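Below is run_6.pdb, which holds PDB, C-alpha atoms.
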```pdb
ATOM      1  CA  MET A   1      98.354  80.199 152.878
ATOM      2  CA  ILE A   2     100.505  77.531 154.425
ATOM      3  CA  LEU A   3      98.993  75.059 156.797
ATOM      4  CA  ASN A   4     100.948  74.958 159.952
ATOM      5  CA  HIS A   5     101.170  71.639 161.732
ATOM      6  CA  SER A   6     103.113  72.847 164.729
ATOM      7  CA  LEU A   7     101.633  71.638 167.925
ATOM      8  CA  VAL A   8     103.085  71.959 171.336
ATOM      9  CA  ALA A   9     103.464  68.483 172.664
ATOM     10  CA  SER A  10     103.033  68.236 176.313
ATOM     11  CA  ASP A  11     104.572  64.815 176.849
ATOM     12  CA  ALA A  12     106.786  62.351 175.019
ATOM     13  CA  PHE A  13     103.881  60.334 173.613
ATOM     14  CA  GLU A  14     102.204  63.397 172.206
ATOM     15  CA  LYS A  15     105.525  64.500 170.700
ATOM     16  CA  HIS A  16     105.816  61.105 169.124
ATOM     17  CA  LEU A  17     102.315  61.419 167.629
ATOM     18  CA  VAL A  18     103.047  64.910 166.239
ATOM     19  CA  ASN A  19     106.321  63.742 164.723
ATOM     20  CA  ARG A  20     104.577  60.741 163.205
ATOM     21  CA  ARG A  21     101.887  62.935 161.697
ATOM     22  CA  ARG A  22     104.537  65.283 160.328
ATOM     23  CA  LYS A  23     106.470  62.406 158.777
ATOM     24  CA  MET A  24     103.281  61.086 157.192
ATOM     25  CA  SER A  25     102.369  64.509 155.789
ATOM     26  CA  TRP A  26     105.781  65.050 154.147
ATOM     27  CA  GLY A  27     104.654  63.280 151.044
ATOM     28  CA  MET A  28     101.434  65.267 150.895
ATOM     29  CA  LYS A  29     101.131  68.582 149.092
ATOM     30  CA  ALA A  30     100.324  71.717 150.999
ATOM     31  CA  ALA A  31      96.613  72.506 150.943
ATOM     32  CA  GLY A  32      97.236  76.174 150.120
ATOM     33  CA  PHE A  33      99.147  77.865 147.314
ATOM     34  CA  THR A  34     101.112  80.988 146.743
ATOM     35  CA  LEU A  35     100.275  83.067 143.674
ATOM     36  CA  MET A  36     103.470  83.847 141.821
ATOM     37  CA  LEU A  37     102.749  87.475 140.942
ATOM     38  CA  THR A  38     106.107  88.165 139.353
ATOM     39  CA  SER A  39     105.765  85.507 136.667
ATOM     40  CA  MET A  40     102.133  86.492 136.087
ATOM     41  CA  VAL A  41     103.104  90.133 135.516
ATOM     42  CA  ASP A  42     105.916  88.952 133.210
ATOM     43  CA  MET A  43     103.457  86.891 131.190
ATOM     44  CA  PHE A  44     100.966  89.755 130.973
ATOM     45  CA  SER A  45     103.665  92.180 129.867
ATOM     46  CA  MET A  46     104.830  89.804 127.140
ATOM     47  CA  LEU A  47     101.254  89.323 125.954
ATOM     48  CA  VAL A  48     100.664  93.076 125.845
ATOM     49  CA  VAL A  49     103.882  93.639 123.881
ATOM     50  CA  PHE A  50     102.992  90.879 121.406
ATOM     51  CA  LEU A  51      99.438  92.139 120.918
ATOM     52  CA  LEU A  52     100.612  95.744 120.537
ATOM     53  CA  GLN A  53     103.047  94.616 117.837
ATOM     54  CA  THR A  54     100.303  92.830 115.931
ATOM     55  CA  PHE A  55      97.867  95.709 116.453
ATOM     56  CA  SER A  56      96.771  97.122 113.142
ATOM     57  CA  SER A  57      95.525 100.669 112.816
ATOM     58  CA  SER A  58      94.611 100.289 109.146
ATOM     59  CA  PRO A  59      90.911 100.270 108.263
ATOM     60  CA  GLU A  60      89.212  96.903 108.041
ATOM     61  CA  ILE A  61      86.500  95.904 105.607
ATOM     62  CA  LEU A  62      83.789  93.382 106.228
ATOM     63  CA  ILE A  63      83.938  90.303 104.062
ATOM     64  CA  LEU A  64      80.572  89.229 102.726
ATOM     65  CA  LYS A  65      79.474  85.848 104.072
ATOM     66  CA  GLY A  66      80.186  83.087 101.590
ATOM     67  CA  VAL A  67      82.756  85.039  99.600
ATOM     68  CA  GLU A  68      86.114  83.315  99.372
ATOM     69  CA  LEU A  69      88.687  85.916  98.438
ATOM     70  CA  PRO A  70      91.646  84.982  96.221
ATOM     71  CA  ASN A  71      95.161  84.926  97.664
ATOM     72  CA  SER A  72      97.753  87.465  96.695
ATOM     73  CA  ILE A  73     101.457  87.886  97.403
ATOM     74  CA  THR A  74     101.532  91.580  96.508
ATOM     75  CA  ALA A  75      98.615  92.771  98.624
ATOM     76  CA  ALA A  76      98.635  96.400  99.715
ATOM     77  CA  GLU A  77      96.889  98.022 102.654
ATOM     78  CA  VAL A  78      93.109  98.330 102.596
ATOM     79  CA  LYS A  79      91.739 101.827 102.046
ATOM     80  CA  GLU A  80      88.476 103.062 103.465
ATOM     81  CA  ALA A  81      86.002 103.142 100.607
ATOM     82  CA  PRO A  82      82.568 101.761  99.641
ATOM     83  CA  VAL A  83      82.490  97.976  99.244
ATOM     84  CA  LEU A  84      80.974  96.264  96.228
ATOM     85  CA  ALA A  85      80.786  92.502  96.577
ATOM     86  CA  ILE A  86      80.000  89.713  94.115
ATOM     87  CA  SER A  87      79.069  86.481  95.841
ATOM     88  CA  LYS A  88      79.507  82.958  94.493
ATOM     89  CA  ASP A  89      75.750  82.635  93.918
ATOM     90  CA  GLY A  90      75.832  85.649  91.595
ATOM     91  CA  ASN A  91      74.368  88.324  93.868
ATOM     92  CA  LEU A  92      75.768  91.818  93.876
ATOM     93  CA  TYR A  93      75.957  93.778  97.127
ATOM     94  CA  LEU A  94      76.850  97.410  97.694
ATOM     95  CA  ASP A  95      77.914  98.118 101.285
ATOM     96  CA  GLN A  96      76.329  94.827 102.447
ATOM     97  CA  LYS A  97      73.005  95.717 100.790
ATOM     98  CA  LEU A  98      71.697  93.588  97.950
ATOM     99  CA  VAL A  99      71.532  95.320  94.592
ATOM    100  CA  GLY A 100      70.449  92.308  92.549
ATOM    101  CA  MET A 101      71.772  89.472  90.469
ATOM    102  CA  THR A 102      75.060  90.370  88.779
ATOM    103  CA  LYS A 103      73.901  89.259  85.313
ATOM    104  CA  ASP A 104      70.765  91.444  85.651
ATOM    105  CA  VAL A 105      72.822  94.403  86.854
ATOM    106  CA  MET A 106      75.183  93.984  83.896
ATOM    107  CA  THR A 107      72.305  94.290  81.431
ATOM    108  CA  LYS A 108      70.456  96.981  83.388
ATOM    109  CA  PRO A 109      72.967  98.857  85.524
ATOM    110  CA  GLU A 110      70.670 101.842  86.280
ATOM    111  CA  GLU A 111      70.000 100.886  89.892
ATOM    112  CA  LEU A 112      73.666 100.328  90.669
ATOM    113  CA  LEU A 113      74.609 103.570  88.932
ATOM    114  CA  LYS A 114      71.956 105.401  90.960
ATOM    115  CA  LYS A 115      73.408 104.041  94.205
ATOM    116  CA  LEU A 116      76.947 104.867  93.103
ATOM    117  CA  ASN A 117      75.848 108.407  92.265
ATOM    118  CA  GLY A 118      74.357 108.613  95.764
ATOM    119  CA  ILE A 119      77.753 107.682  97.236
ATOM    120  CA  LYS A 120      79.429 110.343  95.086
ATOM    121  CA  HIS A 121      76.836 112.905  96.183
ATOM    122  CA  ASN A 122      77.428 112.064  99.867
ATOM    123  CA  TRP A 123      81.174 112.342  99.296
ATOM    124  CA  ALA A 124      80.793 115.802  97.759
ATOM    125  CA  GLN A 125      78.746 116.943 100.753
ATOM    126  CA  SER A 126      81.195 115.697 103.370
ATOM    127  CA  HIS A 127      84.525 116.379 101.643
ATOM    128  CA  THR A 128      86.115 119.511 100.242
ATOM    129  CA  ASN A 129      88.658 117.712  98.048
ATOM    130  CA  PRO A 130      87.642 116.261  94.665
ATOM    131  CA  PHE A 131      86.211 112.750  94.433
ATOM    132  CA  SER A 132      88.986 110.136  94.632
ATOM    133  CA  GLY A 133      87.044 107.425  92.785
ATOM    134  CA  GLU A 134      88.139 104.682  95.175
ATOM    135  CA  ILE A 135      86.045 101.587  95.704
ATOM    136  CA  ASN A 136      86.728  98.160  97.215
ATOM    137  CA  LEU A 137      85.629  95.226  95.088
ATOM    138  CA  GLN A 138      85.199  91.828  96.698
ATOM    139  CA  ALA A 139      84.574  88.806  94.529
ATOM    140  CA  ASP A 140      84.676  85.076  95.055
ATOM    141  CA  LYS A 141      87.780  83.502  93.546
ATOM    142  CA  GLU A 142      85.735  80.932  91.632
ATOM    143  CA  ILE A 143      83.574  83.345  89.633
ATOM    144  CA  GLU A 144      84.329  84.190  86.016
ATOM    145  CA  SER A 145      86.893  86.937  85.531
ATOM    146  CA  THR A 146      84.767  88.439  82.752
ATOM    147  CA  THR A 147      81.961  89.054  85.274
ATOM    148  CA  VAL A 148      84.394  91.034  87.426
ATOM    149  CA  SER A 149      85.694  92.973  84.428
ATOM    150  CA  MET A 150      82.132  93.863  83.397
ATOM    151  CA  VAL A 151      81.352  95.155  86.893
ATOM    152  CA  MET A 152      84.615  97.091  86.794
ATOM    153  CA  ALA A 153      83.537  98.668  83.520
ATOM    154  CA  ILE A 154      80.288  99.842  85.156
ATOM    155  CA  LEU A 155      82.302 101.297  88.039
ATOM    156  CA  THR A 156      84.661 103.072  85.642
ATOM    157  CA  SER A 157      81.723 104.596  83.776
ATOM    158  CA  SER A 158      80.532 105.989  87.122
ATOM    159  CA  GLN A 159      83.908 107.658  87.846
ATOM    160  CA  PHE A 160      85.085 104.938  90.240
ATOM    161  CA  GLN A 161      88.425 104.484  88.528
ATOM    162  CA  SER A 162      90.640 103.397  91.386
ATOM    163  CA  ILE A 163      89.358  99.920  92.127
ATOM    164  CA  GLN A 164      90.839  98.034  95.065
ATOM    165  CA  LEU A 165      90.397  94.310  94.548
ATOM    166  CA  ALA A 166      90.095  92.695  97.972
ATOM    167  CA  VAL A 167      92.442  89.752  98.467
ATOM    168  CA  MET A 168      93.774  87.622 101.269
ATOM    169  CA  GLY A 169      97.318  88.595 102.158
ATOM    170  CA  ARG A 170      99.667  85.668 102.694
TER     171      ARG A 170
ATOM    172  CA  MET O 171     113.450 125.225 167.237
ATOM    173  CA  ARG O 172     115.685 123.374 164.908
ATOM    174  CA  ARG O 173     115.139 119.791 164.450
ATOM    175  CA  LYS O 174     118.151 117.582 164.821
ATOM    176  CA  THR O 175     119.099 115.701 161.765
ATOM    177  CA  GLY O 176     119.081 111.967 161.998
ATOM    178  CA  LEU O 177     116.343 111.919 164.565
ATOM    179  CA  GLY O 178     112.713 111.095 164.023
ATOM    180  CA  THR O 179     110.904 108.068 162.630
ATOM    181  CA  LYS O 180     112.943 105.884 160.356
ATOM    182  CA  LYS O 181     111.397 105.019 157.008
ATOM    183  CA  GLU O 182     111.739 101.525 155.653
ATOM    184  CA  LEU O 183     114.245 101.281 152.842
ATOM    185  CA  ASP O 184     112.512  98.401 151.056
ATOM    186  CA  LEU O 185     109.860  99.686 148.694
ATOM    187  CA  GLU O 186     106.978  97.366 148.037
ATOM    188  CA  LEU O 187     105.432  97.863 144.619
ATOM    189  CA  ASN O 188     101.660  97.622 144.655
ATOM    190  CA  LEU O 189     101.056  95.040 141.970
ATOM    191  CA  THR O 190      97.249  95.043 142.022
ATOM    192  CA  PRO O 191      96.623  98.170 139.833
ATOM    193  CA  PHE O 192      99.481  97.070 137.609
ATOM    194  CA  ILE O 193      97.856  93.678 137.005
ATOM    195  CA  ASP O 194      94.463  95.388 136.527
ATOM    196  CA  LEU O 195      95.895  97.632 133.833
ATOM    197  CA  LEU O 196      97.671  94.765 132.086
ATOM    198  CA  SER O 197      94.570  92.521 132.111
ATOM    199  CA  THR O 198      92.433  95.349 130.695
ATOM    200  CA  MET O 199      94.996  95.974 127.971
ATOM    201  CA  VAL O 200      95.228  92.269 127.129
ATOM    202  CA  CYS O 201      91.428  92.007 126.864
ATOM    203  CA  PHE O 202      91.165  95.130 124.688
ATOM    204  CA  LEU O 203      93.964  94.050 122.374
ATOM    205  CA  LEU O 204      92.601  90.515 122.061
ATOM    206  CA  ILE O 205      89.146  91.817 121.123
ATOM    207  CA  THR O 206      90.468  94.337 118.615
ATOM    208  CA  ALA O 207      93.081  91.980 117.135
ATOM    209  CA  VAL O 208      92.663  91.141 113.455
ATOM    210  CA  TRP O 209      93.607  87.578 112.651
ATOM    211  CA  ILE O 210      92.641  87.548 108.959
ATOM    212  CA  GLU O 211      94.866  89.744 106.881
ATOM    213  CA  ILE O 212      92.952  91.383 104.066
ATOM    214  CA  GLY O 213      94.815  93.343 101.456
ATOM    215  CA  THR O 214      94.024  94.950  98.128
ATOM    216  CA  VAL O 215      95.346  94.831  94.606
ATOM    217  CA  GLU O 216      94.875  98.223  93.016
ATOM    218  CA  VAL O 217      93.606  98.430  89.459
ATOM    219  CA  LYS O 218      93.589 101.773  87.679
ATOM    220  CA  GLN O 219      90.989 101.699  84.969
ATOM    221  CA  SER O 220      91.919 105.122  83.621
ATOM    222  CA  ASN O 221      94.325 103.509  81.229
ATOM    223  CA  GLY O 222      97.289 105.570  80.134
ATOM    224  CA  THR O 223      96.711 108.607  82.319
ATOM    225  CA  GLU O 224      99.315 107.596  84.881
ATOM    226  CA  ALA O 225     102.122 107.251  82.361
ATOM    227  CA  PRO O 226     104.692 110.033  82.623
ATOM    228  CA  ALA O 227     104.314 112.348  79.642
ATOM    229  CA  GLU O 228     107.993 113.336  79.422
ATOM    230  CA  LYS O 229     109.152 109.804  78.680
ATOM    231  CA  LYS O 230     110.615 109.495  75.208
ATOM    232  CA  GLU O 231     109.997 105.795  74.775
ATOM    233  CA  SER O 232     107.085 104.311  76.563
ATOM    234  CA  TYR O 233     106.290 100.645  76.474
ATOM    235  CA  ASP O 234     102.844  99.274  77.143
ATOM    236  CA  LEU O 235     101.954  95.670  77.718
ATOM    237  CA  ASP O 236      98.716  93.895  76.823
ATOM    238  CA  LEU O 237      97.969  90.461  78.228
ATOM    239  CA  VAL O 238      95.235  88.626  76.402
ATOM    240  CA  PHE O 239      93.995  85.355  77.845
ATOM    241  CA  LYS O 240      93.270  82.605  75.348
ATOM    242  CA  ASP O 241      92.373  80.024  77.964
ATOM    243  CA  PRO O 242      93.451  79.349  81.588
ATOM    244  CA  THR O 243      96.745  77.832  80.427
ATOM    245  CA  ALA O 244      97.643  80.160  77.558
ATOM    246  CA  LEU O 245      97.941  83.873  77.016
ATOM    247  CA  ARG O 246      99.509  86.300  74.586
ATOM    248  CA  LEU O 247     101.718  89.200  75.533
ATOM    249  CA  ASN O 248     101.654  92.199  73.228
ATOM    250  CA  LEU O 249     104.434  94.659  73.896
ATOM    251  CA  LYS O 250     103.760  98.076  72.404
ATOM    252  CA  LYS O 251     106.260 100.844  71.860
ATOM    253  CA  ASN O 252     104.770 104.321  71.563
ATOM    254  CA  GLY O 253     101.392 102.774  70.841
ATOM    255  CA  LYS O 254     102.647 100.473  68.067
ATOM    256  CA  GLN O 255     103.046  96.734  68.245
ATOM    257  CA  TYR O 256     106.679  95.933  69.055
ATOM    258  CA  LYS O 257     106.727  92.298  70.066
ATOM    259  CA  ALA O 258     104.291  89.448  70.634
ATOM    260  CA  ILE O 259     105.066  86.579  72.980
ATOM    261  CA  ASP O 260     102.938  83.484  73.431
ATOM    262  CA  VAL O 261     102.931  81.896  76.857
ATOM    263  CA  LYS O 262     101.527  78.396  77.172
ATOM    264  CA  SER O 263     101.764  75.595  79.673
ATOM    265  CA  GLU O 264      99.929  72.444  80.704
ATOM    266  CA  SER O 265      98.706  73.904  83.979
ATOM    267  CA  SER O 266      97.710  77.378  85.099
ATOM    268  CA  GLU O 267     100.516  77.374  87.710
ATOM    269  CA  GLY O 268     103.033  76.485  85.034
ATOM    270  CA  MET O 269     101.643  79.222  82.819
ATOM    271  CA  LEU O 270     102.112  81.795  85.596
ATOM    272  CA  ALA O 271     105.729  80.668  86.093
ATOM    273  CA  GLN O 272     106.359  80.961  82.358
ATOM    274  CA  LEU O 273     104.687  84.371  82.280
ATOM    275  CA  ASN O 274     106.991  85.555  85.052
ATOM    276  CA  GLU O 275     110.015  84.310  83.115
ATOM    277  CA  ALA O 276     108.824  85.876  79.861
ATOM    278  CA  ILE O 277     108.285  89.253  81.532
ATOM    279  CA  THR O 278     111.687  89.150  83.254
ATOM    280  CA  THR O 279     113.722  88.016  80.252
ATOM    281  CA  GLN O 280     111.838  89.216  77.175
ATOM    282  CA  VAL O 281     109.733  92.190  78.237
ATOM    283  CA  LEU O 282     111.705  94.051  80.881
ATOM    284  CA  LYS O 283     115.008  93.503  79.034
ATOM    285  CA  ILE O 284     115.162  94.465  75.378
ATOM    286  CA  LYS O 285     118.572  94.386  73.691
ATOM    287  CA  ASP O 286     120.296  94.203  77.096
ATOM    288  CA  LYS O 287     118.506  97.365  78.176
ATOM    289  CA  THR O 288     116.100  97.534  81.071
ATOM    290  CA  VAL O 289     112.810  99.021  80.009
ATOM    291  CA  GLU O 290     110.000 100.334  82.109
ATOM    292  CA  ILE O 291     106.442  99.379  81.393
ATOM    293  CA  ALA O 292     104.195 102.427  81.701
ATOM    294  CA  THR O 293     100.869 100.645  81.627
ATOM    295  CA  ALA O 294      99.620  97.107  81.390
ATOM    296  CA  THR O 295      96.181  95.831  80.485
ATOM    297  CA  VAL O 296      94.721  92.397  81.058
ATOM    298  CA  THR O 297      91.915  91.032  78.913
ATOM    299  CA  PRO O 298      90.241  88.106  80.661
ATOM    300  CA  ARG O 299      88.152  85.223  79.295
ATOM    301  CA  SER O 300      85.102  83.594  80.785
ATOM    302  CA  SER O 301      87.046  80.330  81.189
ATOM    303  CA  VAL O 302      89.534  82.118  83.431
ATOM    304  CA  ASN O 303      88.365  82.493  87.009
ATOM    305  CA  TYR O 304      88.856  85.546  89.177
ATOM    306  CA  GLY O 305      91.477  83.824  91.355
ATOM    307  CA  GLN O 306      93.660  83.255  88.311
ATOM    308  CA  LEU O 307      93.210  86.845  87.190
ATOM    309  CA  ILE O 308      94.509  88.008  90.579
ATOM    310  CA  SER O 309      97.488  85.615  90.283
ATOM    311  CA  THR O 310      98.279  87.159  86.879
ATOM    312  CA  LEU O 311      98.075  90.665  88.362
ATOM    313  CA  ASP O 312     100.407  89.421  91.105
ATOM    314  CA  VAL O 313     103.009  88.402  88.514
ATOM    315  CA  LEU O 314     102.841  91.868  86.939
ATOM    316  CA  ARG O 315     103.044  93.665  90.276
ATOM    317  CA  LYS O 316     105.964  91.474  91.342
ATOM    318  CA  ASN O 317     107.812  92.760  88.269
ATOM    319  CA  GLN O 318     107.180  96.409  89.229
ATOM    320  CA  ILE O 319     104.366  96.858  86.718
ATOM    321  CA  VAL O 320     101.836  98.692  88.842
ATOM    322  CA  ASN O 321      99.685 100.703  86.446
ATOM    323  CA  ILE O 322      97.358  97.871  85.551
ATOM    324  CA  GLY O 323      93.918  97.985  83.987
ATOM    325  CA  VAL O 324      91.457  95.191  83.343
ATOM    326  CA  LEU O 325      89.627  95.346  80.030
ATOM    327  CA  THR O 326      86.152  94.122  79.395
ATOM    328  CA  ALA O 327      85.896  91.147  77.103
ATOM    329  CA  LYS O 328      82.188  90.842  76.509
ATOM    330  CA  GLY O 329      81.115  87.532  75.077
ATOM    331  CA  GLN O 330      84.565  85.914  75.262
TER     332      GLN O 330
END
```

Starting from the file, give its structure as structure tokens.
Amino acid sequence: MILNHSLVASDAFEKHLVNRRRKMSWGMKAAGFTLMLTSMVDMFSMLVVFLLQTFSSSPEILILKGVELPNSITAAEVKEAPVLAISKDGNLYLDQKLVGMTKDVMTKPEELLKKLNGIKHNWAQSHTNPFSGEINLQADKEIESTTVSMVMAILTSSQFQSIQLAVMGR
Amino acid sequence: MRRKTGLGTKKELDLELNLTPFIDLLSTMVCFLLITAVWIEIGTVEVKQSNGTEAPAEKKESYDLDLVFKDPTALRLNLKKNGKQYKAIDVKSESSEGMLAQLNEAITTQVLKIKDKTVEIATATVTPRSSVNYGQLISTLDVLRKNQIVNIGVLTAKGQ
């Protein structure tokens, strides 16, 4: 939209007024604007290309609130598996559901083992191939490493032998 | 009746691309990709607790490595050849970062090269201590994985 100031001046005085108005409006910006579609399409295309490049098709796992994962320089891709999480306050969660305090679970692991057996049972019902034994373990980087190793021992005793320790990739 | 060529309505040569559906498609794609984009990169460090099962059986000489933490700044490396103790290396530093750097050097120079021969470590085990936090354990596993030692197990050290 461009505002047109053209007026047909009937006499010399009117012409003079129109010219004066035009001269005064030279410094002013046009009230309308033209949308530059070409540059907008360019920008959109670049954005789409960038976002498609960063698009990840690998499965994502939810990080438990309050868990600060350790950093790793040799992180591999996340695999889809049940998630066992140990929070900083000592709670143990299996697939976002509270199992109990980690120290209690370590002394009496029956409940955790029962839930793990349930996962194995569900796997056997929905898969034809043998149980892979994969599980994702999330733990806060500040907790004792012996706590993690004890939980890992419980997992190993329940045939979860391929443990994926969740880390932050750099 | 034949129609004469060259007669009839002339079509305009300039083609005007309809940009509206194009912009619609691009905006939808941008929105979808922005919503589904993952900004935090989560990875995994694989630990195989079935110790020893992954080692190739046909290997004549297999070396295994045990890392035993003494405290956050010191650990002991036990290199085993065919199940027997071959070499023990103590790694100690003033800081945990320094210890990790020394561990990397010890693995590169003293473990992976024996008598100018490159050896392959079949399995490695790490025995943690309660004074060592989980973040440091992962950093230690990183050092092993960086040196192509991938069959790693974490042992339980109850009461340590």

What's around stretch 105-107 of chain A at 7 Å? Count all atoms listed in the file, leave out sequence neighbours fewer than 5 positions away in its own chain, and write the answer as a compact mmCIF listing (two decimals) with C-alpha atoms, in the frame of the given file.
```txt
# COMPACT_ATOMS: atom_id res chain seq x y z
CA GLY A 100 70.45 92.31 92.55
CA MET A 150 82.13 93.86 83.40
CA VAL A 151 81.35 95.16 86.89
```

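Only residues having an atom at most 12 Å from (70.2, 94.6, 96.9) are included; using all atoms listed in the file, these are Leu84, Ala85, Ile86, Gly90, Asn91, Leu92, Tyr93, Leu94, Asp95, Gln96, Lys97, Leu98, Val99, Gly100, Met101, Thr102, Asp104, Val105, Glu111, Leu112 and Lys115 of chain A.
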
**Q.** Selection result for the ChimeraX specification (/A :<7) & /O on this file, as number ranges by chain
**A.** O: 193, 196, 199-200, 203, 207, 211-220, 298-305, 307-309, 312, 315-316, 324-327

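Atom CA of A:Pro109 sits 28.2 Å away from atom CA of O:Thr293.
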
For stretch 281-298 of chain O, I'd like the enclosing box, axis-aligned and padded by 5 Å on every side, reported as lines of an AutoDock Vina configuration file with centre and edge lengths in Å to one decimal.
```
center_x = 105.3
center_y = 95.3
center_z = 77.9
size_x = 40.1
size_y = 24.3
size_z = 18.4
```

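Atom CA of O:Ala258 is positioned 18.9 Å from atom CA of O:Gly323.
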
| said: Could you check which residues have any atom within 7 Å of (107.4, 100.3, 81.9), counting all atoms listed in the file with coordinates taken straight from the file, and then list them as a list in words? | reply: Ser232, Tyr233, Asp234, Val289, Glu290, Ile291, Ala292, Thr293 and Ile319 of chain O

Quiz item: Near stretch 261-264 of chain O, within 12 Å and counting all atoms listed in the file, which residues show up once chain neighbours fewer than 3 positions away are dropped, as a ChimeraX atom specification?
Solution: /O:237-248,258,267-277,280

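One distance worth recording is that between atom CA of A:Ser39 and atom CA of O:Cys201, which is 18.5 Å.
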
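With only C-alpha atoms as the atoms that count, the residue of A:Ile154, A:Met36, A:Leu64, A:Leu116 with the shortest distance to O:Leu189 is A:Met36.
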